[in-house]
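Coordinates from start.txt are shown below (compact mmCIF, C-alpha atoms).
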# COMPACT_ATOMS: atom_id res chain seq x y z
CA MET W 1 -83.49 -32.29 25.33
CA LYS W 2 -85.73 -30.94 28.08
CA GLU W 3 -84.05 -29.74 31.25
CA THR W 4 -86.23 -32.03 33.40
CA ILE W 5 -84.99 -35.04 31.44
CA GLU W 6 -81.38 -33.95 31.84
CA ASN W 7 -81.94 -33.50 35.60
CA THR W 8 -83.51 -36.95 35.90
CA ILE W 9 -80.50 -38.53 34.19
CA ARG W 10 -78.05 -36.54 36.31
CA GLN W 11 -79.77 -37.68 39.52
CA MET W 12 -80.15 -41.34 38.60
CA ALA W 13 -77.06 -42.25 36.53
CA LYS W 14 -74.51 -44.38 38.37
CA SER W 15 -71.45 -42.86 36.70
CA PRO W 16 -70.34 -40.16 34.23
CA GLU W 17 -70.04 -42.89 31.58
CA ASP W 18 -73.63 -43.99 32.20
CA HIS W 19 -74.74 -40.35 32.04
CA ASP W 20 -73.04 -39.88 28.67
CA PHE W 21 -74.49 -43.14 27.30
CA LEU W 22 -78.00 -42.24 28.44
CA VAL W 23 -77.88 -38.66 27.12
CA GLY W 24 -76.44 -39.85 23.80
CA THR W 25 -79.11 -42.52 23.38
CA ILE W 26 -81.96 -40.15 24.23
CA THR W 27 -80.57 -37.47 21.89
CA LYS W 28 -80.31 -40.00 19.04
CA ASN W 29 -83.90 -41.15 19.68
CA CYS W 30 -85.20 -37.57 19.59
CA GLU W 31 -83.29 -36.81 16.37
CA LEU W 32 -84.76 -39.85 14.58
CA PHE W 33 -88.26 -39.41 16.01
CA PRO W 34 -88.84 -35.66 16.28
CA GLU W 35 -92.51 -36.20 17.14
CA THR W 36 -91.31 -37.47 20.51
CA GLU W 37 -90.23 -34.04 21.71
CA LYS W 38 -92.65 -32.14 19.48
CA HIS W 39 -95.67 -33.65 21.20
CA GLY W 40 -94.07 -33.52 24.62
CA ASN W 41 -94.70 -37.23 25.15
CA PHE W 42 -91.17 -38.10 26.12
CA GLY W 43 -90.80 -37.42 29.81
CA ARG W 44 -89.40 -38.34 33.14
CA ARG W 45 -91.22 -41.66 33.37
CA ASP W 46 -89.73 -43.10 30.16
CA VAL W 47 -86.31 -41.73 31.03
CA GLY W 48 -86.59 -42.97 34.62
CA THR W 49 -87.44 -46.49 33.48
CA PHE W 50 -84.63 -46.39 30.92
CA VAL W 51 -82.12 -45.31 33.58
CA GLN W 52 -83.38 -48.00 36.00
CA LEU W 53 -82.91 -50.67 33.34
CA ASN W 54 -79.44 -49.34 32.55
CA ASN W 55 -78.55 -49.41 36.26
CA LEU W 56 -79.91 -52.95 36.57
CA PHE W 57 -78.16 -54.42 33.55
CA GLY W 58 -75.09 -52.24 33.12
CA ASN W 59 -74.90 -53.68 29.64
CA PHE W 60 -77.97 -54.34 27.52
CA SER W 61 -76.20 -56.84 25.26
CA GLY W 62 -78.28 -59.98 24.80
CA LYS W 63 -81.06 -58.81 27.15
CA ASN W 64 -84.64 -59.46 26.09
CA ILE W 65 -87.02 -56.64 27.02
CA LEU W 66 -90.78 -56.56 26.45
CA ASP W 67 -92.84 -53.36 26.60
CA VAL W 68 -96.50 -54.29 27.22
CA GLY W 69 -98.84 -51.64 25.84
CA CYS W 70 -95.89 -49.87 24.23
CA GLY W 71 -97.96 -47.52 22.07
CA ALA W 72 -98.63 -47.56 18.36
CA LYS W 73 -98.84 -45.16 15.45
CA GLN W 74 -102.18 -46.57 14.28
CA SER W 75 -105.11 -48.09 16.09
CA GLY W 76 -108.64 -48.97 15.14
CA ASP W 77 -110.21 -46.47 17.52
CA GLY W 78 -108.32 -43.44 16.24
CA LEU W 79 -106.11 -43.10 19.33
CA SER W 80 -102.37 -43.27 18.99
CA PHE W 81 -99.60 -43.19 21.54
CA THR W 82 -96.00 -43.05 20.39
CA PRO W 83 -93.91 -46.05 21.48
CA ASP W 84 -91.24 -43.86 23.07
CA LEU W 85 -89.73 -46.29 25.57
CA ALA W 86 -89.56 -49.21 23.11
CA ARG W 87 -87.88 -46.93 20.57
CA LEU W 88 -85.42 -45.66 23.15
CA LEU W 89 -84.52 -49.18 24.26
CA SER W 90 -84.00 -50.19 20.63
CA PHE W 91 -80.92 -47.95 20.53
CA THR W 92 -79.22 -50.22 23.05
CA SER W 93 -77.91 -53.69 22.28
CA ALA W 94 -81.04 -55.30 23.80
CA ASN W 95 -83.59 -57.38 21.89
CA VAL W 96 -86.66 -55.19 22.25
CA PHE W 97 -90.25 -56.31 21.71
CA GLY W 98 -93.35 -54.18 22.07
CA ILE W 99 -96.95 -55.35 22.27
CA ASP W 100 -99.84 -53.01 21.51
CA ILE W 101 -103.36 -53.26 20.15
CA GLY W 102 -102.47 -50.96 17.25
CA GLU W 103 -100.19 -51.20 14.24
CA SER W 104 -96.84 -49.44 14.25
CA PRO W 105 -94.96 -50.25 11.03
CA ASN W 106 -91.28 -49.55 10.44
CA GLU W 107 -90.21 -49.36 14.06
CA PRO W 108 -86.64 -50.06 15.20
CA TYR W 109 -87.89 -52.77 17.59
CA THR W 110 -90.08 -55.86 17.05
CA HIS W 111 -93.66 -54.58 17.21
CA LEU W 112 -96.30 -57.23 17.92
CA VAL W 113 -99.99 -56.46 17.44
CA ALA W 114 -102.26 -58.08 20.01
CA ASN W 115 -105.24 -57.50 22.24
CA LEU W 116 -104.21 -58.94 25.60
CA ASN W 117 -107.84 -59.02 26.67
CA TYR W 118 -108.13 -62.02 24.34
CA GLN W 119 -104.60 -63.20 23.52
CA ASN W 120 -101.90 -64.72 25.70
CA ILE W 121 -98.43 -63.16 25.77
CA GLY W 122 -96.93 -66.64 25.44
CA ASN W 123 -98.72 -67.09 22.11
CA ILE W 124 -97.69 -63.68 20.78
CA VAL W 125 -93.93 -63.49 21.36
CA PRO W 126 -91.63 -65.73 19.35
CA SER W 127 -91.43 -69.25 20.76
CA GLY W 128 -89.05 -69.89 23.62
CA ILE W 129 -88.23 -66.28 24.44
CA LYS W 130 -88.11 -65.39 28.12
CA PHE W 131 -87.56 -61.81 29.17
CA ASP W 132 -84.95 -60.21 31.40
CA ALA W 133 -87.35 -57.30 31.90
CA ILE W 134 -90.97 -56.56 31.14
CA VAL W 135 -92.13 -52.96 31.25
CA SER W 136 -95.71 -51.72 31.44
CA GLN W 137 -96.56 -48.04 31.66
CA ASP W 138 -100.22 -47.00 31.71
CA PHE W 139 -101.35 -50.35 30.27
CA PHE W 140 -103.51 -51.46 33.18
CA ASP W 141 -104.77 -47.90 33.69
CA SER W 142 -105.56 -47.30 30.01
CA PRO W 143 -109.17 -46.67 28.96
CA ARG W 144 -108.86 -49.48 26.40
CA PHE W 145 -108.06 -51.96 29.15
CA ILE W 146 -110.45 -50.68 31.82
CA ASN W 147 -113.48 -49.74 29.72
CA GLY W 148 -113.14 -51.98 26.72
CA ASN W 149 -113.62 -55.66 26.25
CA GLY W 150 -114.91 -56.56 29.69
CA TYR W 151 -112.21 -55.60 32.18
CA SER W 152 -112.24 -57.63 35.35
CA SER W 153 -109.87 -58.34 38.21
CA ARG W 154 -109.70 -61.90 36.83
CA LEU W 155 -108.40 -60.54 33.50
CA GLU W 156 -105.85 -58.41 35.36
CA GLN W 157 -104.69 -61.46 37.33
CA ASP W 158 -104.49 -63.52 34.14
CA ILE W 159 -102.28 -60.94 32.44
CA CYS W 160 -100.11 -60.71 35.58
CA ARG W 161 -99.68 -64.49 35.43
CA GLN W 162 -98.74 -64.21 31.75
CA ILE W 163 -96.16 -61.57 32.59
CA ARG W 164 -94.72 -63.70 35.40
CA ASP W 165 -94.58 -66.76 33.11
CA SER W 166 -92.81 -64.73 30.41
CA LEU W 167 -90.00 -63.57 32.71
CA LYS W 168 -86.74 -65.40 33.22
CA ASP W 169 -86.27 -66.64 36.79
CA GLU W 170 -84.22 -63.56 37.62
CA GLY W 171 -86.32 -61.27 35.41
CA ARG W 172 -87.83 -58.01 36.59
CA PHE W 173 -91.21 -56.37 36.02
CA PHE W 174 -91.33 -52.56 35.91
CA THR W 175 -94.64 -50.72 36.06
CA ASP W 176 -96.13 -47.45 37.18
CA ASP W 177 -99.72 -48.59 36.84
CA ARG W 178 -101.91 -47.96 39.85
CA ILE W 179 -104.01 -51.09 39.38
CA ILE W 180 -101.20 -53.58 38.94
CA LYS W 181 -99.54 -52.46 42.16
CA SER W 182 -102.52 -53.89 44.03
CA SER W 183 -102.13 -57.24 42.28
CA ILE W 184 -99.72 -59.92 43.35
CA ILE W 185 -97.39 -60.61 40.44
CA SER W 186 -95.58 -63.39 42.26
CA SER W 187 -98.57 -65.52 43.21
For the structure just supplied, provide its representation as structure tokens.
Amino acid sequence: MKETIENTIRQMAKSPEDHDFLVGTITKNCELFPETEKHGNFGRRDVGTFVQLNNLFGNFSGKNILDVGCGAKQSGDGLSFTPDLARLLSFTSANVFGIDIGESPNEPYTHLVANLNYQNIGNIVPSGIKFDAIVSQDFFDSPRFINGNGYSSRLEQDICRQIRDSLKDEGRFFTDDRIIKSSIISS
């Protein structure tokens, strides 16, 4: 495990038990998916989000988590981004779902293929599921979203509404996307 990841965990973990749980989960993820560390994709952002979710929930049991734009092994345009955070979360007791435009067979979480420029989150996830947390990293800033399929602020607002409607009343939305921070998720 990279030293920067270890330092992030050390700084953010609430307790020694949390630290041990987080390090153990990340180590297991890297052992099962060696391409994660090999390609250097797994970094502070994924770990930081994972630690924040752990601090929020304390226990992942029964929590529903959705990763919007999670990454996929295969996509029609030849680009691929490993679904590191969704994989990492799958090693907890949470029910993890990931949505991406590309296929990603044989993942340890429920991978849903969808183009959110045209499809509604509510029609993609299994009926009746509301999420305790929805995570989006680089989705709204991705070239596929911005350059492809007619990006507009109206589309961004529509997807924000879909995210809000998919959260439980006390649910949380985590993102690092520059664009979404300018949108009002609660309106």
I'd like the neighbourhood of region 85-100 of chain W as a PyMOL selection string, where a residue qualifies if any of its atoms comes within 8 Å (using only C-alpha atoms), though same-chain residues fewer than 3 positions away should be ignored.
chain W and resi 25-26+29+46-47+50+59-72+103+107-115
Write the residues you've just listed into a file as a PDB file, keeping the file's coordinate frame, and include C-alpha atoms for each of them.
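Below is the file that was written, out.pdb:
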ATOM      1  CA  THR W  25     -79.110 -42.520  23.380  1.00  0.00           C
ATOM      2  CA  ILE W  26     -81.960 -40.150  24.230  1.00  0.00           C
ATOM      3  CA  ASN W  29     -83.900 -41.150  19.680  1.00  0.00           C
ATOM      4  CA  ASP W  46     -89.730 -43.100  30.160  1.00  0.00           C
ATOM      5  CA  VAL W  47     -86.310 -41.730  31.030  1.00  0.00           C
ATOM      6  CA  PHE W  50     -84.630 -46.390  30.920  1.00  0.00           C
ATOM      7  CA  ASN W  59     -74.900 -53.680  29.640  1.00  0.00           C
ATOM      8  CA  PHE W  60     -77.970 -54.340  27.520  1.00  0.00           C
ATOM      9  CA  SER W  61     -76.200 -56.840  25.260  1.00  0.00           C
ATOM     10  CA  GLY W  62     -78.280 -59.980  24.800  1.00  0.00           C
ATOM     11  CA  LYS W  63     -81.060 -58.810  27.150  1.00  0.00           C
ATOM     12  CA  ASN W  64     -84.640 -59.460  26.090  1.00  0.00           C
ATOM     13  CA  ILE W  65     -87.020 -56.640  27.020  1.00  0.00           C
ATOM     14  CA  LEU W  66     -90.780 -56.560  26.450  1.00  0.00           C
ATOM     15  CA  ASP W  67     -92.840 -53.360  26.600  1.00  0.00           C
ATOM     16  CA  VAL W  68     -96.500 -54.290  27.220  1.00  0.00           C
ATOM     17  CA  GLY W  69     -98.840 -51.640  25.840  1.00  0.00           C
ATOM     18  CA  CYS W  70     -95.890 -49.870  24.230  1.00  0.00           C
ATOM     19  CA  GLY W  71     -97.960 -47.520  22.070  1.00  0.00           C
ATOM     20  CA  ALA W  72     -98.630 -47.560  18.360  1.00  0.00           C
ATOM     21  CA  GLU W 103    -100.190 -51.200  14.240  1.00  0.00           C
ATOM     22  CA  GLU W 107     -90.210 -49.360  14.060  1.00  0.00           C
ATOM     23  CA  PRO W 108     -86.640 -50.060  15.200  1.00  0.00           C
ATOM     24  CA  TYR W 109     -87.890 -52.770  17.590  1.00  0.00           C
ATOM     25  CA  THR W 110     -90.080 -55.860  17.050  1.00  0.00           C
ATOM     26  CA  HIS W 111     -93.660 -54.580  17.210  1.00  0.00           C
ATOM     27  CA  LEU W 112     -96.300 -57.230  17.920  1.00  0.00           C
ATOM     28  CA  VAL W 113     -99.990 -56.460  17.440  1.00  0.00           C
ATOM     29  CA  ALA W 114    -102.260 -58.080  20.010  1.00  0.00           C
ATOM     30  CA  ASN W 115    -105.240 -57.500  22.240  1.00  0.00           C
TER      31      ASN W 115
END
Between W:Thr49, W:Asn106, W:Gln11, W:Gln119, single out the one closest to Gln162 (chain W), counting all atoms listed in the file.
W:Gln119
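Using all atoms listed in the file, the residues found no farther than 9 Å from Met12 (chain W), other than those of its own chain fewer than 2 positions away, are W:Asn7, W:Thr8, W:Ile9, W:Arg10, W:Lys14, W:His19, W:Gly48, W:Val51, W:Gln52, W:Asn55.
CA of Asp18 (chain W) sits 21.8 Å away from CA of Phe173 (chain W).
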Looking at only C-alpha atoms, which of W:Gly102, W:Gly122, W:Gly24, W:Pro16 is the one that sits closest to Ile163 (chain W)?
W:Gly122
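Each of W:Leu32, W:Ala13, W:Leu116, W:Ile124 was compared to Glu156 (chain W) using all atoms listed in the file, and W:Leu116 turns out to be the nearest.
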What is the distance between CA of Ile159 (chain W) and CA of Thr175 (chain W), in Å to one decimal?
13.3 Å
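The spacing separating CA of Lys130 (chain W) from CA of Lys73 (chain W) amounts to 26.2 Å.
With only C-alpha atoms as the atoms that count, the minimum distance from Ile134 (chain W) to the choices W:Ser166, W:Thr27, W:Thr82, W:Ser15 is reached by W:Ser166.
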